[in-house]
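Okay, input.csv is below, CSV, C-alpha atoms:
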chain,number,residue,atom,x,y,z
V,1,MET,CA,-13.3,38.3,-48.1
V,2,LYS,CA,-10.8,35.7,-47.3
V,3,ILE,CA,-10.3,35.0,-43.5
V,4,PRO,CA,-6.7,34.9,-42.4
V,5,GLU,CA,-5.6,31.5,-41.2
V,6,THR,CA,-4.1,33.0,-38.0
V,7,GLN,CA,-7.3,34.6,-36.9
V,8,GLN,CA,-8.4,33.3,-33.5
V,9,TYR,CA,-12.0,32.8,-32.4
V,10,PRO,CA,-13.1,34.4,-29.2
V,11,PHE,CA,-13.0,32.2,-26.1
V,12,VAL,CA,-16.8,32.3,-25.7
V,13,ILE,CA,-17.3,31.0,-29.3
V,14,LYS,CA,-14.7,28.2,-28.9
V,15,GLY,CA,-16.1,27.3,-25.4
V,16,SER,CA,-19.6,27.1,-26.9
V,17,PHE,CA,-18.5,24.8,-29.6
V,18,TYR,CA,-16.6,22.6,-27.1
V,19,LEU,CA,-19.7,22.5,-24.8
V,20,LEU,CA,-22.0,21.6,-27.7
V,21,PHE,CA,-19.7,18.9,-28.9
V,22,GLY,CA,-19.5,17.4,-25.4
V,23,ILE,CA,-23.3,17.4,-25.0
V,24,LEU,CA,-23.8,15.8,-28.4
V,25,LEU,CA,-21.1,13.2,-27.7
V,26,VAL,CA,-22.7,12.2,-24.3
V,27,HIS,CA,-26.1,11.9,-25.9
V,28,ALA,CA,-24.7,9.8,-28.7
V,29,LEU,CA,-22.9,7.5,-26.3
V,30,ILE,CA,-26.1,7.1,-24.3
V,31,ALA,CA,-28.2,6.5,-27.4
V,32,ALA,CA,-25.8,3.9,-28.8
V,33,LYS,CA,-25.1,2.3,-25.4
V,34,GLU,CA,-26.5,-1.1,-26.1
V,35,PHE,CA,-24.5,-1.3,-29.3
V,36,LEU,CA,-21.2,0.1,-28.1
V,37,TRP,CA,-20.5,-1.5,-24.7
V,38,PRO,CA,-20.2,-5.1,-26.0
V,39,ILE,CA,-17.7,-3.9,-28.6
V,40,ALA,CA,-15.8,-1.9,-26.0
V,41,LEU,CA,-15.6,-4.9,-23.6
V,42,ALA,CA,-14.6,-7.2,-26.5
V,43,THR,CA,-11.8,-4.8,-27.3
V,44,LEU,CA,-10.5,-5.0,-23.7
V,45,PHE,CA,-10.7,-8.8,-23.5
V,46,SER,CA,-9.0,-8.9,-26.9
V,47,TYR,CA,-6.0,-7.1,-25.4
V,48,LEU,CA,-6.1,-9.5,-22.4
V,49,VAL,CA,-5.6,-12.6,-24.6
V,50,TYR,CA,-3.4,-10.8,-27.1
V,51,PRO,CA,-0.1,-12.0,-25.5
V,52,LEU,CA,-1.4,-15.5,-25.7
V,53,VAL,CA,-2.3,-15.1,-29.3
V,54,LEU,CA,1.2,-13.8,-30.1
V,55,PHE,CA,2.7,-16.8,-28.2
V,56,PHE,CA,0.7,-19.3,-30.3
V,57,GLU,CA,1.5,-17.4,-33.6
V,58,ASN,CA,5.2,-16.7,-33.1
V,59,LYS,CA,6.4,-19.5,-30.8
V,60,LEU,CA,4.1,-22.4,-31.8
V,61,ARG,CA,3.7,-21.3,-35.4
V,62,PHE,CA,-0.1,-21.5,-35.2
V,63,PRO,CA,-2.1,-20.0,-38.1
V,64,ARG,CA,-3.8,-16.8,-37.0
V,65,ILE,CA,-7.3,-18.3,-37.1
V,66,LEU,CA,-6.3,-21.2,-34.9
V,67,ALA,CA,-4.3,-19.0,-32.5
V,68,ASN,CA,-7.3,-16.7,-32.0
V,69,LEU,CA,-9.7,-19.6,-31.5
V,70,VAL,CA,-7.4,-21.4,-29.0
V,71,ALA,CA,-6.8,-18.2,-27.0
V,72,ILE,CA,-10.5,-17.3,-26.8
V,73,ILE,CA,-11.4,-20.9,-25.9
V,74,LEU,CA,-8.8,-20.9,-23.1
V,75,LEU,CA,-10.3,-17.7,-21.8
V,76,ILE,CA,-13.8,-19.1,-21.9
V,77,LEU,CA,-12.7,-22.3,-20.1
V,78,GLY,CA,-11.0,-20.2,-17.4
V,79,ILE,CA,-14.2,-18.2,-16.8
V,80,VAL,CA,-16.3,-21.4,-16.8
V,81,ALA,CA,-13.9,-23.0,-14.3
V,82,ALA,CA,-14.1,-19.9,-12.0
V,83,VAL,CA,-17.9,-19.8,-12.3
V,84,SER,CA,-18.1,-23.6,-11.6
V,85,PHE,CA,-15.9,-23.2,-8.5
V,86,LEU,CA,-18.1,-20.4,-7.2
V,87,TYR,CA,-21.2,-22.3,-8.0
V,88,LYS,CA,-20.0,-25.3,-5.9
V,89,GLN,CA,-19.4,-22.9,-3.0
V,90,LEU,CA,-22.9,-21.4,-3.6
V,91,SER,CA,-24.5,-24.8,-3.6
V,92,GLN,CA,-23.0,-25.5,-0.2
V,93,MET,CA,-24.4,-22.3,1.1
V,94,LEU,CA,-27.8,-23.1,-0.4
V,95,SER,CA,-27.9,-26.4,1.4
V,96,ASP,CA,-27.5,-24.5,4.6
V,97,LEU,CA,-30.2,-22.0,3.6
V,98,PRO,CA,-32.8,-22.9,6.2
V,99,THR,CA,-30.3,-22.4,9.0
V,100,ILE,CA,-29.1,-19.2,7.5
V,101,GLN,CA,-32.6,-17.9,7.0
V,102,HIS,CA,-33.5,-18.7,10.6
V,103,GLN,CA,-30.4,-17.0,11.9
V,104,THR,CA,-31.0,-14.0,9.7
V,105,LEU,CA,-34.6,-13.5,11.0
V,106,GLU,CA,-33.3,-13.8,14.6
V,107,ASN,CA,-30.6,-11.2,13.9
V,108,ILE,CA,-33.1,-8.8,12.3
V,109,ASP,CA,-35.4,-9.1,15.3
V,110,LYS,CA,-32.4,-8.3,17.6
V,111,MET,CA,-31.6,-5.2,15.4
V,112,TYR,CA,-35.3,-4.1,15.7
V,113,HIS,CA,-35.0,-4.4,19.5
V,114,LEU,CA,-31.7,-2.6,19.6
V,115,ILE,CA,-33.0,0.3,17.6
V,116,GLU,CA,-36.1,0.5,19.7
V,117,THR,CA,-34.1,0.5,22.9
V,118,ASN,CA,-31.6,3.2,21.8
V,119,PHE,CA,-33.6,5.4,19.5
V,120,GLY,CA,-37.2,4.9,20.7
V,121,ILE,CA,-38.5,3.7,17.3
V,122,SER,CA,-40.9,0.8,17.8
V,123,ALA,CA,-40.4,-2.5,16.1
V,124,SER,CA,-43.7,-2.3,14.4
V,125,GLU,CA,-42.8,1.0,12.8
V,126,GLN,CA,-39.4,-0.4,11.7
V,127,LYS,CA,-41.2,-3.4,10.1
V,128,ILE,CA,-43.6,-1.1,8.2
V,129,TRP,CA,-40.6,0.9,6.9
V,130,THR,CA,-38.8,-2.3,5.9
V,131,LYS,CA,-42.0,-3.6,4.1
V,132,ASN,CA,-42.4,-0.4,2.2
V,133,PHE,CA,-38.8,-0.3,1.2
V,134,ILE,CA,-39.0,-3.9,-0.1
V,135,SER,CA,-42.2,-3.2,-2.0
V,136,ASN,CA,-40.6,-0.1,-3.6
V,137,LEU,CA,-37.7,-2.3,-4.8
V,138,SER,CA,-40.1,-4.9,-6.2
V,139,LYS,CA,-41.9,-2.3,-8.3
V,140,GLY,CA,-39.0,-2.0,-10.6
V,141,GLY,CA,-39.2,-5.7,-11.4
V,142,SER,CA,-42.9,-6.0,-11.5
V,143,ASN,CA,-42.9,-6.2,-15.3
V,144,LEU,CA,-41.6,-9.8,-15.7
V,145,GLY,CA,-41.7,-9.6,-19.4
V,146,SER,CA,-39.5,-6.5,-19.5
V,147,VAL,CA,-37.0,-8.1,-17.1
V,148,PHE,CA,-36.9,-11.3,-19.1
V,149,SER,CA,-36.4,-9.3,-22.3
V,150,GLN,CA,-33.5,-7.3,-20.8
V,151,THR,CA,-31.9,-10.5,-19.4
V,152,THR,CA,-32.1,-12.2,-22.8
V,153,GLU,CA,-30.6,-9.2,-24.6
V,154,THR,CA,-27.7,-9.2,-22.1
V,155,ILE,CA,-27.1,-12.9,-22.5
V,156,VAL,CA,-27.0,-12.4,-26.3
V,157,LYS,CA,-24.5,-9.6,-26.0
V,158,ILE,CA,-22.3,-11.7,-23.8
V,159,VAL,CA,-22.4,-14.6,-26.2
V,160,LEU,CA,-21.4,-12.2,-29.0
V,161,LEU,CA,-18.3,-11.1,-27.1
V,162,PRO,CA,-16.1,-14.0,-28.3
V,163,VAL,CA,-17.2,-13.4,-31.8
V,164,PHE,CA,-16.3,-9.7,-31.6
V,165,MET,CA,-13.0,-10.7,-30.0
V,166,PHE,CA,-12.1,-13.2,-32.8
V,167,PHE,CA,-12.7,-10.6,-35.6
V,168,MET,CA,-10.8,-7.9,-33.7
V,169,LEU,CA,-7.8,-10.1,-33.2
V,170,PHE,CA,-8.0,-11.5,-36.8
V,171,ASN,CA,-8.3,-8.0,-38.4
V,172,ARG,CA,-5.9,-6.2,-36.1
V,173,ASN,CA,-3.4,-5.4,-38.9
V,174,LYS,CA,-6.2,-4.3,-41.1
V,175,PHE,CA,-7.4,-1.7,-38.6
V,176,LYS,CA,-3.9,-0.4,-38.1
V,177,ASN,CA,-3.4,-0.1,-41.9
V,178,PHE,CA,-6.7,1.7,-42.3
V,179,ILE,CA,-5.8,4.3,-39.8
V,180,MET,CA,-2.4,4.8,-41.4
V,181,GLN,CA,-3.9,5.2,-44.9
V,182,ILE,CA,-6.3,7.9,-43.8
V,183,THR,CA,-3.5,9.7,-42.0
V,184,PRO,CA,-1.6,12.4,-43.9
V,185,ARG,CA,1.9,11.3,-44.7
V,186,ARG,CA,3.5,14.0,-42.5
V,187,ASN,CA,1.7,12.7,-39.4
V,188,ARG,CA,2.1,8.9,-39.9
V,189,ILE,CA,5.1,8.5,-37.6
V,190,PRO,CA,3.3,10.2,-34.6
V,191,VAL,CA,0.2,8.2,-35.3
V,192,ALA,CA,2.1,5.0,-35.5
V,193,ASN,CA,3.7,5.8,-32.1
V,194,ILE,CA,0.2,6.5,-30.6
V,195,ILE,CA,-1.1,3.2,-31.9
V,196,LYS,CA,1.9,1.4,-30.4
V,197,ASP,CA,1.6,3.1,-27.0
V,198,VAL,CA,-2.2,2.6,-26.9
V,199,SER,CA,-1.7,-1.1,-27.6
V,200,ASN,CA,1.0,-1.5,-24.9
V,201,ILE,CA,-0.8,0.4,-22.2
V,202,THR,CA,-4.2,-1.3,-22.8
V,203,GLN,CA,-2.6,-4.7,-22.8
V,204,HIS,CA,-0.6,-4.1,-19.6
V,205,TYR,CA,-3.7,-2.5,-18.0
V,206,MET,CA,-5.9,-5.6,-18.6
V,207,GLY,CA,-3.1,-7.9,-17.5
V,208,GLY,CA,-2.4,-5.9,-14.4
V,209,VAL,CA,-6.1,-5.7,-13.4
V,210,PHE,CA,-6.4,-9.5,-13.9
V,211,ILE,CA,-3.4,-10.0,-11.6
V,212,VAL,CA,-4.8,-7.7,-9.0
V,213,VAL,CA,-8.1,-9.6,-9.0
V,214,VAL,CA,-6.3,-12.9,-8.5
V,215,VAL,CA,-4.1,-11.6,-5.7
V,216,LEU,CA,-7.1,-10.0,-4.0
V,217,SER,CA,-9.1,-13.2,-4.3
V,218,ILE,CA,-6.4,-15.0,-2.3
V,219,LEU,CA,-5.9,-12.3,0.2
V,220,ASN,CA,-9.7,-11.7,0.8
V,221,SER,CA,-10.4,-15.5,1.1
V,222,ALA,CA,-7.5,-15.9,3.6
V,223,GLY,CA,-8.5,-12.9,5.6
V,224,LEU,CA,-12.2,-13.9,5.9
V,225,TYR,CA,-11.2,-17.4,6.8
V,226,ILE,CA,-8.9,-16.2,9.5
V,227,ILE,CA,-11.5,-14.0,11.1
V,228,GLY,CA,-13.9,-17.0,11.0
V,229,LEU,CA,-16.5,-16.0,8.4
V,230,LYS,CA,-18.4,-18.9,6.8
V,231,TYR,CA,-18.0,-19.4,3.0
V,232,ALA,CA,-14.8,-17.3,3.1
V,233,ILE,CA,-13.5,-18.5,-0.3
V,234,MET,CA,-16.8,-17.7,-2.1
V,235,LEU,CA,-17.3,-14.3,-0.5
V,236,GLY,CA,-13.6,-13.3,-0.8
V,237,SER,CA,-13.6,-14.2,-4.5
V,238,ILE,CA,-16.8,-12.4,-5.2
V,239,ALA,CA,-15.5,-9.3,-3.4
V,240,ALA,CA,-12.3,-9.4,-5.5
V,241,LEU,CA,-14.2,-9.6,-8.8
V,242,PHE,CA,-15.5,-6.1,-8.2
V,243,SER,CA,-12.0,-4.9,-8.3
V,244,PHE,CA,-12.2,-4.8,-12.1
V,245,ILE,CA,-13.7,-1.4,-11.2
V,246,PRO,CA,-10.9,0.7,-9.6
V,247,TYR,CA,-11.4,2.4,-6.2
V,248,PHE,CA,-15.2,1.8,-6.0
V,249,GLY,CA,-15.0,-1.9,-6.7
V,250,ASN,CA,-13.5,-2.8,-3.4
V,251,ILE,CA,-16.3,-0.9,-1.5
V,252,LEU,CA,-19.0,-2.6,-3.5
V,253,GLY,CA,-17.3,-6.0,-3.2
V,254,TYR,CA,-16.9,-5.9,0.6
V,255,SER,CA,-20.5,-4.9,1.1
V,256,ILE,CA,-21.4,-8.5,0.3
V,257,PRO,CA,-19.4,-10.2,3.1
V,258,LEU,CA,-20.2,-7.4,5.5
V,259,ALA,CA,-24.0,-7.8,4.9
V,260,PHE,CA,-23.5,-11.6,5.2
V,261,ALA,CA,-21.7,-11.1,8.5
V,262,ILE,CA,-24.4,-8.7,9.8
V,263,PHE,CA,-27.5,-10.6,8.9
V,264,THR,CA,-26.4,-14.3,9.2
V,265,GLN,CA,-23.6,-14.3,11.9
V,266,GLY,CA,-24.6,-11.5,14.2
V,267,ASN,CA,-21.3,-11.6,16.0
V,268,PRO,CA,-20.0,-8.1,16.7
V,269,HIS,CA,-16.4,-9.2,16.8
V,270,LEU,CA,-16.9,-10.9,13.4
V,271,ILE,CA,-18.5,-7.8,11.9
V,272,LEU,CA,-15.7,-5.6,13.3
V,273,GLY,CA,-13.2,-8.1,11.8
V,274,VAL,CA,-14.8,-7.8,8.3
V,275,ILE,CA,-14.7,-4.0,8.6
V,276,ILE,CA,-11.0,-3.9,9.7
V,277,LEU,CA,-10.1,-6.4,6.9
V,278,PHE,CA,-11.9,-4.1,4.4
V,279,PHE,CA,-9.8,-1.1,5.4
V,280,ILE,CA,-6.6,-3.2,5.2
V,281,MET,CA,-7.5,-4.6,1.7
V,282,HIS,CA,-8.7,-1.2,0.5
V,283,PHE,CA,-5.3,0.3,1.5
V,284,ILE,CA,-3.3,-2.5,-0.1
V,285,GLU,CA,-5.3,-2.4,-3.3
V,286,ASN,CA,-5.3,1.4,-3.8
V,287,ASN,CA,-1.9,2.2,-2.5
V,288,ILE,CA,0.2,-0.9,-3.3
V,289,LEU,CA,-1.4,-3.2,-5.9
V,290,MET,CA,-3.1,-0.8,-8.2
V,291,PRO,CA,-0.3,1.9,-8.3
V,292,ASN,CA,2.5,-0.7,-8.8
V,293,ILE,CA,0.7,-3.2,-11.1
V,294,VAL,CA,-1.8,-1.0,-13.0
V,295,GLY,CA,-1.2,2.6,-12.2
V,296,GLY,CA,2.3,2.6,-13.6
V,297,ASN,CA,0.9,1.5,-16.9
V,298,VAL,CA,-2.1,3.9,-17.3
V,299,GLN,CA,-0.3,6.8,-15.6
V,300,LEU,CA,-3.5,8.5,-14.6
V,301,ASN,CA,-4.2,10.8,-11.7
V,302,ALA,CA,-6.3,9.1,-9.0
V,303,PHE,CA,-8.7,12.0,-8.9
V,304,VAL,CA,-9.2,11.8,-12.7
V,305,ILE,CA,-9.9,8.1,-12.3
V,306,ILE,CA,-12.5,8.6,-9.7
V,307,LEU,CA,-14.3,11.3,-11.8
V,308,SER,CA,-14.0,9.1,-14.9
V,309,LEU,CA,-15.7,6.2,-13.0
V,310,ILE,CA,-18.6,8.5,-12.0
V,311,ILE,CA,-19.0,9.7,-15.6
V,312,GLY,CA,-18.7,6.1,-17.0
V,313,ALA,CA,-21.4,4.9,-14.5
V,314,THR,CA,-23.7,7.8,-15.5
V,315,ILE,CA,-23.4,7.1,-19.2
V,316,TRP,CA,-23.1,3.3,-19.5
V,317,GLY,CA,-23.6,1.9,-16.0
V,318,ILE,CA,-21.3,-0.9,-14.9
V,319,PRO,CA,-19.9,-1.5,-18.4
V,320,GLY,CA,-18.9,2.2,-18.5
V,321,MET,CA,-17.0,1.8,-15.2
V,322,LEU,CA,-15.1,-1.1,-16.7
V,323,VAL,CA,-14.0,0.6,-19.9
V,324,ILE,CA,-13.6,4.3,-18.8
V,325,VAL,CA,-10.1,3.9,-17.2
V,326,PRO,CA,-8.4,2.5,-20.3
V,327,PHE,CA,-10.3,5.0,-22.5
V,328,MET,CA,-8.9,7.9,-20.4
V,329,ALA,CA,-5.4,6.3,-20.6
V,330,VAL,CA,-5.8,6.3,-24.4
V,331,LEU,CA,-7.0,9.9,-24.3
V,332,ARG,CA,-3.9,10.9,-22.3
V,333,ILE,CA,-1.6,9.2,-24.9
V,334,ILE,CA,-3.3,11.1,-27.7
V,335,PHE,CA,-3.0,14.4,-25.9
V,336,GLU,CA,0.7,13.7,-25.1
V,337,ASN,CA,1.5,13.3,-28.8
V,338,ILE,CA,-0.3,16.6,-29.8
V,339,PRO,CA,1.8,19.6,-28.9
V,340,ASN,CA,-1.1,21.9,-28.2
V,341,MET,CA,-2.9,19.3,-26.1
V,342,ARG,CA,0.1,18.4,-23.8
V,343,PRO,CA,-1.2,20.5,-20.9
V,344,TYR,CA,-4.3,18.3,-20.8
V,345,SER,CA,-2.2,15.2,-20.8
V,346,TYR,CA,-0.3,16.6,-17.8
V,347,LEU,CA,-3.7,17.3,-16.1
V,348,LEU,CA,-4.9,13.7,-16.7
V,349,GLY,CA,-1.5,12.1,-15.8
V,350,ASN,CA,0.2,11.5,-12.5
V,351,LYS,CA,3.1,13.8,-13.1
V,352,GLY,CA,3.4,16.3,-10.3
V,353,THR,CA,1.9,14.1,-7.7
V,354,ASP,CA,3.8,10.8,-8.2
V,355,GLU,CA,6.4,11.8,-5.6
V,356,HIS,CA,3.7,11.7,-2.9
V,357,SER,CA,2.4,8.3,-3.8
V,358,VAL,CA,3.1,5.1,-1.9
V,359,THR,CA,5.0,2.5,-3.9
V,360,LEU,CA,6.8,-0.7,-3.1
V,361,SER,CA,10.2,0.8,-4.0
V,362,LYS,CA,9.5,3.8,-1.6
V,363,ILE,CA,8.5,1.4,1.2
V,364,LYS,CA,11.6,-0.7,0.6
V,365,SER,CA,13.9,2.4,0.5
V,366,LEU,CA,12.2,3.7,3.7
V,367,PHE,CA,13.0,0.5,5.6
V,368,THR,CA,16.5,0.4,4.1
V,369,LYS,CA,17.1,4.0,5.2
V,370,LYS,CA,15.8,3.2,8.7
V,371,ALA,CA,18.0,0.1,9.0
V,372,LYS,CA,21.1,2.1,7.9
V,373,THR,CA,20.2,4.8,10.5
V,374,GLU,CA,19.9,2.2,13.3
V,375,GLN,CA,23.2,0.6,12.2
V,376,ASN,CA,25.0,3.9,12.2
V,377,THR,CA,23.6,4.8,15.6
V,378,SER,CA,24.7,1.4,17.1
V,379,GLU,CA,28.2,1.8,15.5
V,380,ASN,CA,28.5,5.3,17.0
V,381,LYS,CA,27.5,4.0,20.5
V,382,ASN,CA,30.0,1.2,20.2
V,383,SER,CA,32.8,3.6,19.2
Can you turn what I pasted into structure tokens?
Amino acid sequence: MKIPETQQYPFVIKGSFYLLFGILLVHALIAAKEFLWPIALATLFSYLVYPLVLFFENKLRFPRILANLVAIILLILGIVAAVSFLYKQLSQMLSDLPTIQHQTLENIDKMYHLIETNFGISASEQKIWTKNFISNLSKGGSNLGSVFSQTTETIVKIVLLPVFMFFMLFNRNKFKNFIMQITPRRNRIPVANIIKDVSNITQHYMGGVFIVVVVLSILNSAGLYIIGLKYAIMLGSIAALFSFIPYFGNILGYSIPLAFAIFTQGNPHLILGVIILFFIMHFIENNILMPNIVGGNVQLNAFVIILSLIIGATIWGIPGMLVIVPFMAVLRIIFENIPNMRPYSYLLGNKGTDEHSVTLSKIKSLFTKKAKTEQNTSENKNS
């Protein structure tokens, strides 16, 4: 008997299929993790250098091969220059290592004494707990062969990133034509719009995050220098690099200068200054920089971004946290262009909550409105 096309499956059956598909998808992503994350990162970095490639091709009339090579080499040189700069700062810190180590041990002893005085836990018990904690951490790295093997594999994958980037940039039209060829003729216009929107949003996202990291490097370094923390430029730049991971990156990044201030400086005012600076930078990043530079491009709900970061970390670790936000932005675009899936696009997007967000334009209009109110009040008093 032929089943009518309009027949609908019960919700339980459809839900079971969706759940099974989700479970299989997650297991497949975990199983193919070591293969997929280098390709995903190479895709994002390709979008980062894509405007530079277009400049070389269209303005300077470079052949595509040469344009791709020059753009990738410039990116590598920029990364090498940044790493070299941080290495010089690190070398300066390593030259002061004996002094830092001595100060750290003194501060740890003071912390033991403070805890013993206020909580009644003896210093000997604290040292035993610390020793056990360190020994438990070292068990994970006891197999040096395994650690070396994993490090070597990671280095190989990082070396392959420029290769993946080159072929992605070189074959970008081929990929697009392939997608259009397998798409039914009646759906080619919506699919072409999806490809265009995905390209624009991913490109702007990568460029926006790069700008945020640069701005935060300057602000963090200046702030740490003002409060008097040593090696402010190195610590501020390292803290800013974690901002490639939205929301959580700032917390992870500032844990480094905070730990440095606690264990090596031991100055309560300095520690308090680092904490206050963290809250200031956290507010600036999440309420001003990210929404105005990045958030306006991906158009994702902040709660969705946080949940996505947790899921990405669970599946792929740090690489997953780096790629999950643009992936969710792509998913939102696809849902937006499918009529039946538009409610899910609304759920992922920032529509419905954007009027409550803090933006530069709203801050400017607030101050403008306040100035006009004060001007009107003074005019009324004068009259």
note - atom CA of Met328 of chain V and atom CA of Leu29 of chain V are separated by 15.2 Å
Of V:Trp129, V:Phe263, V:Phe164, V:Tyr225, the one nearest to Asp109 of chain V when counting all atoms listed in the file is V:Phe263
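All residues of protein, DNA or RNA that reach within 10 Å of segment 90-100 of chain V, judged by all atoms listed in the file and not counting those fewer than 6 positions away in the chain, are Ser84, Glu106, Lys230, Tyr231, Met234, Leu235, Phe260, Phe263, Thr264 and Gln265 of chain V.
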Selection: 9 Å around Leu229 of chain V, only C-alpha atoms, excl. self and same-chain fewer than 3 positions, as a VMD selection string: chain V and resid 224 to 226 232 257 260 to 261 265 270 274
Atom CA of Glu34 of chain V sits from atom CA of Leu160 of chain V at a separation of 12.6 Å
Which polymer residues have any atom within 10 Å of an atom of Leu300 of chain V, counting only C-alpha atoms, with same-chain residues fewer than 4 positions away left out, as a PyMOL selection string?
-> chain V and resi 291+294-296+304-305+325-326+328-329+332+345-351+354
Original post:
Contacts of Asn200 of chain V at 9 Å or less, counting all atoms listed in the file, minus same-chain residues fewer than 4 places along, as a ChimeraX atom specification?
Top reply: /V:47,195-196,204-205,297
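Of note, atom CA of Ala40 of chain V and atom CA of Ile245 of chain V are spaced 15.0 Å apart.
With distances restricted to all atoms listed in the file, V:Leu41 is the closest residue to Phe327 of chain V from V:Ala222, V:Met281, V:Leu66, V:Leu41.
Among the candidate residues V:Arg172, V:Val191, V:Ile288, V:Asn118, the one lying nearest to Val215 of chain V is V:Ile288, with distances computed using all atoms listed in the file.
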